[in-house]
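As stored in my_file_17.txt (compact mmCIF, C-alpha atoms):
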# COMPACT_ATOMS: atom_id res chain seq x y z
CA MET A 209 -0.87 -8.70 30.71
CA VAL A 210 2.31 -8.33 28.67
CA SER A 211 2.55 -5.20 26.51
CA ILE A 212 2.81 -6.08 22.81
CA ASN A 213 4.45 -3.21 20.96
CA ALA A 214 4.57 -2.46 17.23
CA SER A 215 8.22 -3.43 16.79
CA LEU A 216 7.58 -6.91 18.21
CA ILE A 217 4.61 -7.39 15.89
CA LYS A 218 6.68 -6.19 12.93
CA GLU A 219 9.49 -8.63 13.71
CA LEU A 220 7.09 -11.56 13.99
CA ARG A 221 5.41 -10.54 10.75
CA ASN A 222 8.79 -10.35 8.96
CA ARG A 223 9.71 -13.80 10.22
CA THR A 224 6.40 -15.53 9.45
CA GLY A 225 4.68 -13.57 6.69
CA ILE A 226 1.26 -13.65 8.39
CA GLY A 227 -1.02 -10.67 9.03
CA ILE A 228 -0.74 -8.02 11.73
CA ILE A 229 -3.84 -9.17 13.63
CA GLU A 230 -2.67 -12.80 13.64
CA CYS A 231 0.80 -11.69 14.82
CA LYS A 232 -0.65 -9.68 17.68
CA LYS A 233 -2.88 -12.56 18.72
CA ALA A 234 0.02 -15.02 18.63
CA LEU A 235 2.19 -12.70 20.75
CA ILE A 236 -0.55 -12.18 23.31
CA GLU A 237 -1.02 -15.94 23.61
CA SER A 238 2.74 -16.46 24.01
CA GLN A 239 3.07 -13.65 26.58
CA GLY A 240 5.37 -11.74 24.22
CA ASP A 241 7.78 -14.66 23.62
CA ILE A 242 8.47 -14.46 19.88
CA GLN A 243 9.90 -18.00 19.58
CA ILE A 244 6.87 -19.55 21.28
CA ALA A 245 4.65 -17.47 19.00
CA ILE A 246 6.49 -18.82 15.93
CA ASP A 247 6.16 -22.39 17.21
CA ASN A 248 2.42 -21.94 17.75
CA ILE A 249 1.99 -20.43 14.28
CA ARG A 250 3.85 -23.38 12.75
CA LYS A 251 1.66 -25.83 14.64
CA SER A 252 -1.46 -24.11 13.30
CA ASN A 253 -0.04 -24.42 9.76
CA GLN A 254 -0.39 -20.68 9.10
CA PHE A 255 2.99 -20.61 7.43
CA LYS A 256 5.69 -22.98 6.23
CA PHE A 257 9.01 -22.63 8.05
CA ASP A 258 11.70 -21.21 5.83
CA LYS A 259 15.29 -20.53 6.87
CA LYS A 260 15.11 -17.44 4.68
CA SER A 261 12.52 -15.88 6.97
CA TYR A 262 15.26 -14.84 9.42
CA ARG A 263 16.12 -11.61 7.68
CA VAL A 264 16.43 -7.90 8.20
CA ALA A 265 15.93 -5.27 5.53
CA ASN A 266 19.54 -4.20 4.92
CA GLU A 267 21.64 -3.67 1.82
CA GLY A 268 25.41 -4.07 1.51
CA ILE A 269 28.08 -6.48 0.34
CA ILE A 270 29.86 -9.63 1.46
CA LEU A 271 33.62 -9.73 0.87
CA ILE A 272 36.13 -12.59 1.15
CA LYS A 273 39.91 -12.46 1.16
CA ILE A 274 42.29 -15.43 1.49
CA ASP A 275 46.06 -15.42 1.98
CA ASN A 276 48.47 -16.59 -0.73
CA HIS A 277 48.83 -20.03 0.87
CA ASN A 278 45.06 -20.66 0.96
CA LYS A 279 45.25 -21.45 4.67
CA TYR A 280 43.81 -18.30 6.27
CA GLY A 281 40.70 -16.47 5.14
CA VAL A 282 38.47 -13.59 6.17
CA ILE A 283 34.79 -13.02 5.40
CA LEU A 284 33.21 -9.63 6.02
CA GLU A 285 29.77 -8.01 5.79
CA ILE A 286 29.35 -4.25 5.53
CA ASN A 287 25.93 -2.66 5.24
CA CYS A 288 24.30 0.47 3.88
CA GLU A 289 20.72 1.53 3.24
CA THR A 290 20.33 1.21 -0.55
CA ASP A 291 21.47 -1.07 -3.35
CA PHE A 292 22.69 2.01 -5.23
CA VAL A 293 25.31 2.70 -2.54
CA SER A 294 26.25 -0.97 -2.09
CA GLN A 295 27.23 -1.22 -5.77
CA SER A 296 29.13 2.07 -5.87
CA ILE A 297 32.89 2.07 -6.46
CA ASN A 298 33.71 4.05 -3.31
CA PHE A 299 31.68 1.74 -1.07
CA LYS A 300 33.39 -1.33 -2.53
CA LYS A 301 36.81 0.29 -2.19
CA PHE A 302 36.06 0.98 1.45
CA GLY A 303 35.05 -2.65 1.97
CA ASN A 304 38.18 -3.95 0.24
CA LYS A 305 40.36 -1.72 2.40
CA ILE A 306 38.71 -3.06 5.56
CA ILE A 307 39.00 -6.73 4.62
CA SER A 308 42.60 -6.36 3.42
CA THR A 309 43.49 -4.79 6.77
CA ALA A 310 41.73 -7.60 8.64
CA LEU A 311 43.65 -10.21 6.62
CA TYR A 312 47.14 -8.73 6.65
CA GLU A 313 47.02 -7.47 10.25
CA LYS A 314 45.31 -10.69 11.44
CA ILE A 315 42.48 -8.74 13.09
CA THR A 316 39.94 -11.19 14.50
CA GLN A 317 37.77 -8.91 16.66
CA LEU A 318 34.94 -7.02 14.98
CA GLU A 319 35.03 -4.26 17.58
CA LEU A 320 38.70 -3.55 16.86
CA LEU A 321 38.02 -3.36 13.12
CA GLN A 322 35.04 -1.07 13.68
CA SER A 323 37.13 1.23 15.87
CA LYS A 324 39.99 1.33 13.36
CA PHE A 325 37.72 2.48 10.53
CA GLU A 326 35.20 4.55 12.52
CA GLU A 327 36.35 7.90 11.16
CA GLU A 328 36.49 6.75 7.51
CA LYS A 329 33.10 5.10 7.89
CA ASN A 330 31.56 8.32 9.20
CA LEU A 331 33.06 10.36 6.35
CA LEU A 332 31.71 7.93 3.76
CA SER A 333 28.35 7.86 5.50
CA ALA A 334 28.19 11.67 5.30
CA GLN A 335 29.17 11.55 1.61
CA PHE A 336 26.38 9.13 0.71
CA GLY A 337 23.84 10.40 3.23
CA GLU A 338 23.29 6.86 4.43
CA ARG A 339 24.07 4.86 7.52
CA ILE A 340 27.00 2.46 7.00
CA ASP A 341 27.77 -0.45 9.32
CA ILE A 342 30.73 -2.80 9.53
CA ARG A 343 28.42 -5.62 10.53
CA ARG A 344 30.14 -9.02 10.67
CA LEU A 345 33.63 -10.49 10.57
CA SER A 346 34.71 -14.14 10.69
CA ILE A 347 38.08 -15.85 10.31
CA LEU A 348 38.74 -19.35 9.01
CA GLN A 349 42.01 -21.30 9.14
CA GLY A 350 42.71 -24.78 7.82
CA ASN A 351 44.63 -27.10 5.53
CA LEU A 352 43.00 -25.53 2.50
CA ILE A 353 40.54 -22.63 2.24
CA GLY A 354 38.11 -22.22 -0.64
CA SER A 355 35.40 -19.64 -1.26
CA TYR A 356 32.61 -18.38 -3.47
CA ILE A 357 30.80 -15.04 -3.85
CA HIS A 358 27.30 -15.00 -5.38
CA ASN A 359 24.64 -12.55 -6.55
CA ASN A 360 26.37 -9.16 -6.61
CA ASN A 361 28.26 -9.89 -3.39
CA ARG A 362 25.05 -10.60 -1.48
CA ILE A 363 26.06 -14.15 -0.47
CA GLY A 364 29.54 -15.36 0.43
CA VAL A 365 30.89 -18.72 1.57
CA ILE A 366 34.28 -19.62 2.95
CA LEU A 367 35.17 -23.28 3.47
CA SER A 368 38.04 -25.24 5.02
CA ALA A 369 38.88 -28.80 4.04
CA LYS A 370 41.57 -31.44 3.66
CA ASN A 371 42.58 -33.54 0.62
CA ALA A 372 40.76 -31.25 -1.80
CA GLU A 373 41.42 -29.15 -4.87
CA ILE A 374 40.64 -25.42 -4.85
CA GLU A 375 38.24 -25.78 -7.78
CA PHE A 376 36.30 -28.49 -5.97
CA LEU A 377 36.06 -26.31 -2.86
CA LYS A 378 34.71 -23.51 -5.04
CA HIS A 379 31.98 -25.87 -6.28
CA LEU A 380 31.16 -26.93 -2.71
CA SER A 381 31.05 -23.29 -1.62
CA MET A 382 28.72 -22.60 -4.54
CA HIS A 383 26.47 -25.39 -3.31
CA ILE A 384 26.46 -23.98 0.23
CA ALA A 385 25.62 -20.51 -1.11
CA ALA A 386 22.61 -21.91 -2.98
CA SER A 387 21.37 -24.55 -0.51
CA ASN A 388 22.13 -22.85 2.80
CA PRO A 389 22.94 -25.81 5.05
CA ILE A 390 23.43 -25.07 8.73
CA TYR A 391 25.52 -28.07 9.77
CA ILE A 392 28.03 -30.35 8.05
CA ASN A 393 26.73 -33.71 9.35
CA SER A 394 23.63 -34.81 11.23
CA LYS A 395 25.77 -35.55 14.30
CA ASP A 396 26.62 -31.84 14.44
CA ILE A 397 22.98 -30.88 15.10
CA PRO A 398 22.52 -30.06 18.80
CA LYS A 399 20.23 -32.40 20.69
CA ASP A 400 17.89 -29.58 21.73
CA ILE A 401 17.36 -28.58 18.07
CA ILE A 402 16.32 -32.15 17.20
CA GLU A 403 14.04 -32.41 20.24
CA HIS A 404 12.45 -29.05 19.52
CA GLU A 405 11.73 -29.91 15.88
CA TYR A 406 10.43 -33.36 16.85
CA GLN A 407 7.94 -31.78 19.23
CA ILE A 408 6.78 -29.38 16.50
CA GLN A 409 6.29 -32.21 14.01
CA HIS A 410 4.59 -34.35 16.64
CA ASP A 411 2.06 -31.60 17.41
CA ILE A 412 1.43 -30.89 13.72
CA THR A 413 0.89 -34.59 13.00
CA MET A 414 -1.43 -35.01 15.98
CA GLN A 415 -3.59 -32.19 14.65
CA SER A 416 -3.62 -33.19 10.98
CA GLN A 417 -3.51 -36.99 11.32
CA SER A 418 -5.41 -37.57 14.56
CA SER A 419 -7.59 -40.27 13.02
CA VAL A 420 -4.76 -42.56 11.86
CA LYS A 421 -3.04 -45.21 13.96
CA GLU A 422 -0.17 -44.27 16.23
CA GLU A 423 2.26 -46.42 14.21
CA VAL A 424 1.37 -44.48 11.06
CA ARG A 425 1.75 -41.14 12.83
CA LYS A 426 5.15 -42.24 14.10
CA LYS A 427 6.28 -43.05 10.55
CA ILE A 428 5.00 -39.68 9.32
CA ILE A 429 6.98 -37.89 12.03
CA GLU A 430 10.10 -39.92 11.25
CA GLY A 431 9.77 -39.03 7.57
CA ARG A 432 9.41 -35.34 8.34
CA MET A 433 12.41 -35.47 10.68
CA ARG A 434 14.52 -37.09 7.95
CA LYS A 435 13.51 -34.31 5.58
CA PHE A 436 14.34 -31.69 8.22
CA ILE A 437 17.82 -33.16 8.73
CA GLU A 438 18.40 -33.46 4.97
CA GLU A 439 17.55 -29.78 4.50
CA ILE A 440 19.89 -28.40 7.15
CA THR A 441 22.95 -30.69 6.81
CA LEU A 442 25.47 -30.32 4.02
CA THR A 443 26.33 -34.00 3.58
CA HIS A 444 22.65 -35.02 3.26
CA GLN A 445 21.81 -32.46 0.57
CA LYS A 446 21.72 -33.31 -3.13
CA PHE A 447 24.80 -31.81 -4.77
CA ILE A 448 23.69 -28.98 -7.07
CA LEU A 449 26.20 -29.95 -9.77
CA ASN A 450 25.24 -33.64 -9.61
CA PRO A 451 21.72 -34.04 -8.12
CA GLN A 452 21.90 -37.82 -8.46
CA LYS A 453 24.30 -37.86 -5.51
CA THR A 454 24.46 -36.26 -2.10
CA VAL A 455 27.32 -34.02 -1.07
CA GLY A 456 28.32 -36.73 1.39
CA GLN A 457 28.67 -39.27 -1.41
CA ILE A 458 30.70 -36.85 -3.52
CA ILE A 459 33.19 -35.97 -0.79
CA HIS A 460 33.50 -39.64 0.21
CA GLU A 461 34.36 -40.62 -3.38
CA GLN A 462 37.03 -37.92 -3.51
CA ASN A 463 38.33 -38.65 0.02
CA VAL A 464 37.73 -35.01 1.02
CA GLU A 465 37.30 -33.95 4.64
CA ILE A 466 35.14 -30.87 5.23
CA HIS A 467 36.19 -29.19 8.46
CA HIS A 468 34.15 -26.01 8.61
CA PHE A 469 32.20 -23.49 6.55
CA ILE A 470 30.89 -19.97 7.09
CA ARG A 471 28.03 -18.56 5.02
CA PHE A 472 27.13 -14.87 5.11
CA GLU A 473 24.06 -13.48 3.38
CA ILE A 474 23.06 -9.83 3.41
CA GLY A 475 20.21 -9.31 5.86
CA GLN A 476 20.40 -12.59 7.77
CA TYR A 477 20.09 -12.44 11.53
CA ASN A 478 22.77 -15.06 12.30
CA ASN A 479 22.83 -13.96 15.93
CA ILE A 480 23.79 -10.38 15.07
CA GLU A 481 22.05 -7.27 16.25
CA LYS A 482 19.97 -5.34 13.77
CA ASP A 483 21.43 -2.11 15.10
CA SER A 484 25.17 -2.76 15.11
CA ILE A 485 27.68 0.00 15.75
As structure tokens, how would this structure be written, given the file I've shared?
Amino acid sequence: MVSINASLIKELRNRTGIGIIECKKALIESQGDIQIAIDNIRKSNQFKFDKKSYRVANEGIILIKIDNHNKYGVILEINCETDFVSQSINFKKFGNKIISTALYEKITQLELLQSKFEEEKNLLSAQFGERIDIRRLSILQGNLIGSYIHNNNRIGVILSAKNAEIEFLKHLSMHIAASNPIYINSKDIPKDIIEHEYQIQHDITMQSQSSVKEEVRKKIIEGRMRKFIEEITLTHQKFILNPQKTVGQIIHEQNVEIHHFIRFEIGQYNNIEKDSI
């Protein structure tokens, strides 16, 4: 029998919002596989999947810096333990020094940036009495780079596009900050993600609509899959500044090409380790 420890139960609870006993039961049934446990919980309708559930309890700030030609940009996350420290002048100065160095010296590797500022980070950490992490770094290059910072530097978006105005890219970045898409178009969604979600929706529908005809169940699943795709793709989302149209319709009307976007939010997993250097 697989050993289910407290940290695994805590992580599952943070990601699903269900009780400790239910978490432990789900982990035992999944042999300690947290993703299978989440899938089983979803199928039993114990919680509604929310992209926001993938979080860790960190404070800090997101910073963005773009060169004078708007063709090269840097987005950075640095973390601390309390909101008080994250909003302090010295912490923000430290962050601005790091991101300026990353931009002007064209540093693209997080480990190199961490090493360069290790001593200053430790001094600041001792001053505040809190752990400080240089957590994430991403670089974006393109024809035109736009950006937006939201909510006391807790969410930041950097966006590359073609045939666009800076102000329009700011509005698109604002939309991405608020709506949190994962992909630009539906064709960008990996096949395994679609197949995995389809299986989840199929199992949910079989449990909740077992008495209806197969054709009806198929339509229900198709409808839920359309909603899933609309929620995670930028071009399918309703534009926050003009909800009568999708982002795809807006960019088509303006002949804008969206090449890439990066969205950082304080506390998101985003494939980073909770205990970074």
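Rounded to one decimal, CA of Glu422 in chain A and CA of Ile440 in chain A lie 27.1 Å from each other.
For the pair CA of Ser308 in chain A and CA of Phe336 in chain A, the interatomic distance is 22.6 Å.
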Exercise for the section: Write out as a ChimeraX atom specification each polymer residue whose atoms come within 12 Å of Ile347 in chain A, counting all atoms listed in the file; drop sequence neighbours fewer than 2 positions from it. Expected result: /A:272-275,279-284,307,310-311,314-318,344-345,349-350,353,365-368,468-471
I'd like the box whose edges run along x, y and z of the file and which contains every listed atom of range 371-377 of chain A, padded by 5 Å per side; could you state its centre and edge lengths in Å, one decimal, as lines of an AutoDock Vina configuration file?
center_x = 39.3
center_y = -29.5
center_z = -3.6
size_x = 16.5
size_y = 18.1
size_z = 18.4
Handout entry: Which residue of A:Ile217, A:Ile306, A:Cys288, A:Ile228 approaches Ala334 in chain A most closely, using only C-alpha atoms
Key = A:Cys288
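Interatomic distance, CA of Glu289 in chain A to CA of Gly364 in chain A: 19.3 Å.
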Handout entry: Exercise: Glu473 in chain A partners within 9 Å, all atoms listed in the file, chain neighbours under 2 positions left out, as a PyMOL selection string
Key = chain A and resi 269-270+285+361-365+385+471+475-476
Problem - Neighbour list for Glu338 in chain A as a ChimeraX atom specification, cut-off 12 Å, all atoms listed in the file, skip fewer than 6 positions in-chain - result: /A:266-268,287-294,299,329-332
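Nearest residue to Ala386 in chain A, choosing from A:His358, A:Lys324, A:Lys427, A:His460 and counting all atoms listed in the file: A:His358.
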Practice task
Excluding range 431-438 of chain A and any residue of its chain fewer than 5 positions from it, enumerate the residues within 8 Å of it, using only C-alpha atoms, and give them as an MDAnalysis selection string.
Solution key: chainID A and resid 394 405:406 409 444:445
Exercise for the section: Determine the nearest neighbour of Gln295 in chain A from the options A:Cys231, A:Asn359, A:Lys370, A:Lys218, counting only C-alpha atoms. Expected result: A:Asn359
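Compared by their closest atoms to Ile249 in chain A, and using only C-alpha atoms, the residues A:Glu439, A:Glu403, A:Glu237, A:Glu461 rank with A:Glu237 nearest.
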For range 213-216 of chain A: contacts at 9 Å, all atoms listed in the file, fewer than 6 positions along chain excluded, given as a CSV table (one decimal) with C-alpha atoms, in the frame of the given file:
chain,number,residue,atom,x,y,z
A,231,CYS,CA,0.8,-11.7,14.8
A,232,LYS,CA,-0.6,-9.7,17.7
A,235,LEU,CA,2.2,-12.7,20.8
A,240,GLY,CA,5.4,-11.7,24.2
A,242,ILE,CA,8.5,-14.5,19.9
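Nearest to Asn388 in chain A of all the residues A:Ala245, A:Thr441, A:Gly303, A:Leu321 is A:Thr441, based on only C-alpha atoms.
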Handout entry: Minimum-distance residue to Phe376 in chain A, chosen among A:Asn463, A:Thr309, A:Asn304, A:Gln452 (using all atoms listed in the file)
Key = A:Asn463
